[in-house]
Amino acid sequence: MSDPGQANELQLEAQKIRRLQIMISMVMSVISQDPNLTIEEASELVAGAKRAALAMFPDKELAYDILYKPRLQRLMNERFRIQ
């Protein structure tokens, strides 16, 4: 028989991961679709997303840097023609 506490913990972790994925997706949508967004505002969205991600998952900065940072950087480069 499996431990119900562990199952609940895994479910909560899965919910946090899903919440993070939705948040990143929303940030990327705003950056790519809002024609009035400035580079400063977009940068603040990216920074806020990272702060929120690390608040949800402390000690997971490396995972964030591997999974989400390159996608956000690529989007910023495309959107604002950054070299």
# chains A, B, ... in the order shown; residues from 1 in each chain; ligands from 1
>>> residues_around(residues="Val46 in chain A", least_positions_apart="3", cutoff="8 Å", atoms="only C-alpha atoms", output="number ranges by chain")
A: 27, 42-43, 49-50, 72
>>> select_by_dssp(residues="range 1-58 of chain A", states="alpha helix (DSSP H)", output="number ranges by chain")
A: 4-33, 39-56
>>> write_last_selection(atoms="C-alpha atoms", output="mmCIF file, in the first residue's frame")
data_model
loop_
_atom_site.group_PDB
_atom_site.id
_atom_site.type_symbol
_atom_site.label_atom_id
_atom_site.label_comp_id
_atom_site.auth_asym_id
_atom_site.auth_seq_id
_atom_site.Cartn_x
_atom_site.Cartn_y
_atom_site.Cartn_z
ATOM 1 C CA PRO A 4 -1.206 8.708 1.219
ATOM 2 C CA GLY A 5 0.943 11.577 2.548
ATOM 3 C CA GLN A 6 3.516 10.987 -0.172
ATOM 4 C CA ALA A 7 0.810 10.765 -2.849
ATOM 5 C CA ASN A 8 -0.627 14.079 -1.659
ATOM 6 C CA GLU A 9 2.842 15.652 -1.687
ATOM 7 C CA LEU A 10 3.388 14.481 -5.275
ATOM 8 C CA GLN A 11 0.002 15.881 -6.271
ATOM 9 C CA LEU A 12 0.834 19.273 -4.720
ATOM 10 C CA GLU A 13 4.206 19.276 -6.501
ATOM 11 C CA ALA A 14 2.482 18.499 -9.820
ATOM 12 C CA GLN A 15 0.039 21.379 -9.226
ATOM 13 C CA LYS A 16 2.909 23.791 -8.528
ATOM 14 C CA ILE A 17 4.702 22.659 -11.690
ATOM 15 C CA ARG A 18 1.523 23.140 -13.732
ATOM 16 C CA ARG A 19 0.994 26.593 -12.208
ATOM 17 C CA LEU A 20 4.575 27.535 -13.128
ATOM 18 C CA GLN A 21 4.114 26.271 -16.703
ATOM 19 C CA ILE A 22 0.926 28.314 -17.097
ATOM 20 C CA MET A 23 2.610 31.424 -15.682
ATOM 21 C CA ILE A 24 5.586 31.104 -18.063
ATOM 22 C CA SER A 25 3.214 30.513 -20.955
ATOM 23 C CA MET A 26 1.239 33.656 -20.073
ATOM 24 C CA VAL A 27 4.411 35.757 -19.780
ATOM 25 C CA MET A 28 5.567 34.490 -23.177
ATOM 26 C CA SER A 29 2.156 35.258 -24.707
ATOM 27 C CA VAL A 30 2.180 38.826 -23.401
ATOM 28 C CA ILE A 31 5.747 39.434 -24.602
ATOM 29 C CA SER A 32 5.015 38.075 -28.061
ATOM 30 C CA GLN A 33 1.524 39.550 -28.544
ATOM 31 C CA ILE A 39 11.624 46.155 -23.586
ATOM 32 C CA GLU A 40 11.767 47.390 -19.969
ATOM 33 C CA GLU A 41 8.273 46.070 -19.234
ATOM 34 C CA ALA A 42 9.068 42.755 -20.904
ATOM 35 C CA SER A 43 12.296 42.472 -18.905
ATOM 36 C CA GLU A 44 10.348 43.110 -15.706
ATOM 37 C CA LEU A 45 7.849 40.378 -16.655
ATOM 38 C CA VAL A 46 10.737 37.953 -17.164
ATOM 39 C CA ALA A 47 12.353 38.955 -13.861
ATOM 40 C CA GLY A 48 9.012 38.644 -12.052
ATOM 41 C CA ALA A 49 8.449 35.198 -13.532
ATOM 42 C CA LYS A 50 11.856 34.077 -12.277
ATOM 43 C CA ARG A 51 11.185 35.490 -8.795
ATOM 44 C CA ALA A 52 7.826 33.702 -8.676
ATOM 45 C CA ALA A 53 9.357 30.448 -9.920
ATOM 46 C CA LEU A 54 12.083 30.563 -7.260
ATOM 47 C CA ALA A 55 9.514 31.425 -4.586
ATOM 48 C CA MET A 56 7.573 28.299 -5.597
#
>>> closest_residue(among="A:Gln73, A:Leu62, A:Leu67, A:Phe80", to="Pro35 in chain A", atoms="only C-alpha atoms")
A:Phe80
>>> decode(residues="range 27-62 of chain A", atoms="N, CA and C atoms", output="short mmCIF file (atom, residue, chain, number, x, y, z; two decimals), in the first residue's frame")
data_model
loop_
_atom_site.label_atom_id
_atom_site.label_comp_id
_atom_site.auth_asym_id
_atom_site.auth_seq_id
_atom_site.Cartn_x
_atom_site.Cartn_y
_atom_site.Cartn_z
N VAL A 27 3.37 34.74 -19.61
CA VAL A 27 4.41 35.76 -19.78
C VAL A 27 4.88 35.77 -21.23
N MET A 28 5.10 34.58 -21.79
CA MET A 28 5.57 34.49 -23.18
C MET A 28 4.50 35.02 -24.14
N SER A 29 3.24 34.75 -23.86
CA SER A 29 2.16 35.26 -24.71
C SER A 29 2.11 36.77 -24.70
N VAL A 30 2.22 37.37 -23.51
CA VAL A 30 2.18 38.83 -23.40
C VAL A 30 3.37 39.43 -24.15
N ILE A 31 4.56 38.88 -23.94
CA ILE A 31 5.75 39.43 -24.60
C ILE A 31 5.61 39.34 -26.12
N SER A 32 5.08 38.24 -26.61
CA SER A 32 5.02 38.07 -28.06
C SER A 32 3.82 38.78 -28.69
N GLN A 33 2.75 39.06 -27.93
CA GLN A 33 1.52 39.55 -28.54
C GLN A 33 1.17 41.00 -28.23
N ASP A 34 1.72 41.57 -27.15
CA ASP A 34 1.34 42.96 -26.80
C ASP A 34 2.20 43.94 -27.60
N PRO A 35 1.61 44.62 -28.58
CA PRO A 35 2.41 45.50 -29.45
C PRO A 35 2.92 46.75 -28.72
N ASN A 36 2.32 47.10 -27.59
CA ASN A 36 2.73 48.31 -26.86
C ASN A 36 3.75 48.04 -25.76
N LEU A 37 4.10 46.78 -25.57
CA LEU A 37 5.02 46.41 -24.50
C LEU A 37 6.42 46.93 -24.80
N THR A 38 7.02 47.61 -23.82
CA THR A 38 8.40 48.08 -24.00
C THR A 38 9.37 46.98 -23.58
N ILE A 39 10.61 47.14 -23.98
CA ILE A 39 11.62 46.16 -23.59
C ILE A 39 11.80 46.15 -22.06
N GLU A 40 11.65 47.31 -21.44
CA GLU A 40 11.77 47.39 -19.97
C GLU A 40 10.64 46.61 -19.30
N GLU A 41 9.42 46.79 -19.80
CA GLU A 41 8.27 46.07 -19.23
C GLU A 41 8.42 44.57 -19.44
N ALA A 42 8.87 44.18 -20.62
CA ALA A 42 9.07 42.75 -20.90
C ALA A 42 10.14 42.17 -19.99
N SER A 43 11.22 42.93 -19.79
CA SER A 43 12.30 42.47 -18.90
C SER A 43 11.79 42.30 -17.48
N GLU A 44 10.92 43.21 -17.05
CA GLU A 44 10.35 43.11 -15.71
C GLU A 44 9.42 41.89 -15.59
N LEU A 45 8.68 41.59 -16.65
CA LEU A 45 7.85 40.38 -16.65
C LEU A 45 8.72 39.13 -16.50
N VAL A 46 9.82 39.10 -17.23
CA VAL A 46 10.74 37.95 -17.16
C VAL A 46 11.33 37.84 -15.76
N ALA A 47 11.77 38.96 -15.21
CA ALA A 47 12.35 38.95 -13.86
C ALA A 47 11.31 38.53 -12.82
N GLY A 48 10.09 39.02 -12.98
CA GLY A 48 9.01 38.64 -12.05
C GLY A 48 8.68 37.16 -12.14
N ALA A 49 8.71 36.63 -13.35
CA ALA A 49 8.45 35.20 -13.53
C ALA A 49 9.52 34.37 -12.83
N LYS A 50 10.77 34.81 -12.94
CA LYS A 50 11.86 34.08 -12.28
C LYS A 50 11.70 34.16 -10.76
N ARG A 51 11.39 35.35 -10.25
CA ARG A 51 11.19 35.49 -8.80
C ARG A 51 10.06 34.57 -8.32
N ALA A 52 8.96 34.55 -9.06
CA ALA A 52 7.83 33.70 -8.68
C ALA A 52 8.21 32.22 -8.73
N ALA A 53 8.94 31.85 -9.78
CA ALA A 53 9.36 30.45 -9.92
C ALA A 53 10.24 30.03 -8.75
N LEU A 54 11.18 30.90 -8.36
CA LEU A 54 12.08 30.56 -7.26
C LEU A 54 11.38 30.63 -5.91
N ALA A 55 10.31 31.42 -5.81
CA ALA A 55 9.51 31.43 -4.59
C ALA A 55 8.76 30.10 -4.45
N MET A 56 8.29 29.58 -5.60
CA MET A 56 7.57 28.30 -5.60
C MET A 56 8.52 27.12 -5.42
N PHE A 57 9.71 27.25 -6.03
CA PHE A 57 10.70 26.17 -6.01
C PHE A 57 12.06 26.70 -5.58
N PRO A 58 12.24 26.97 -4.28
CA PRO A 58 13.56 27.44 -3.81
C PRO A 58 14.60 26.37 -4.13
N ASP A 59 15.82 26.78 -4.36
CA ASP A 59 16.93 25.86 -4.66
C ASP A 59 16.80 25.19 -6.03
N LYS A 60 15.96 25.71 -6.90
CA LYS A 60 15.79 25.12 -8.24
C LYS A 60 16.18 26.12 -9.33
N GLU A 61 17.08 27.05 -9.00
CA GLU A 61 17.47 28.06 -9.98
C GLU A 61 18.13 27.44 -11.21
N LEU A 62 18.94 26.41 -11.00
CA LEU A 62 19.58 25.75 -12.14
C LEU A 62 18.54 25.16 -13.09
#
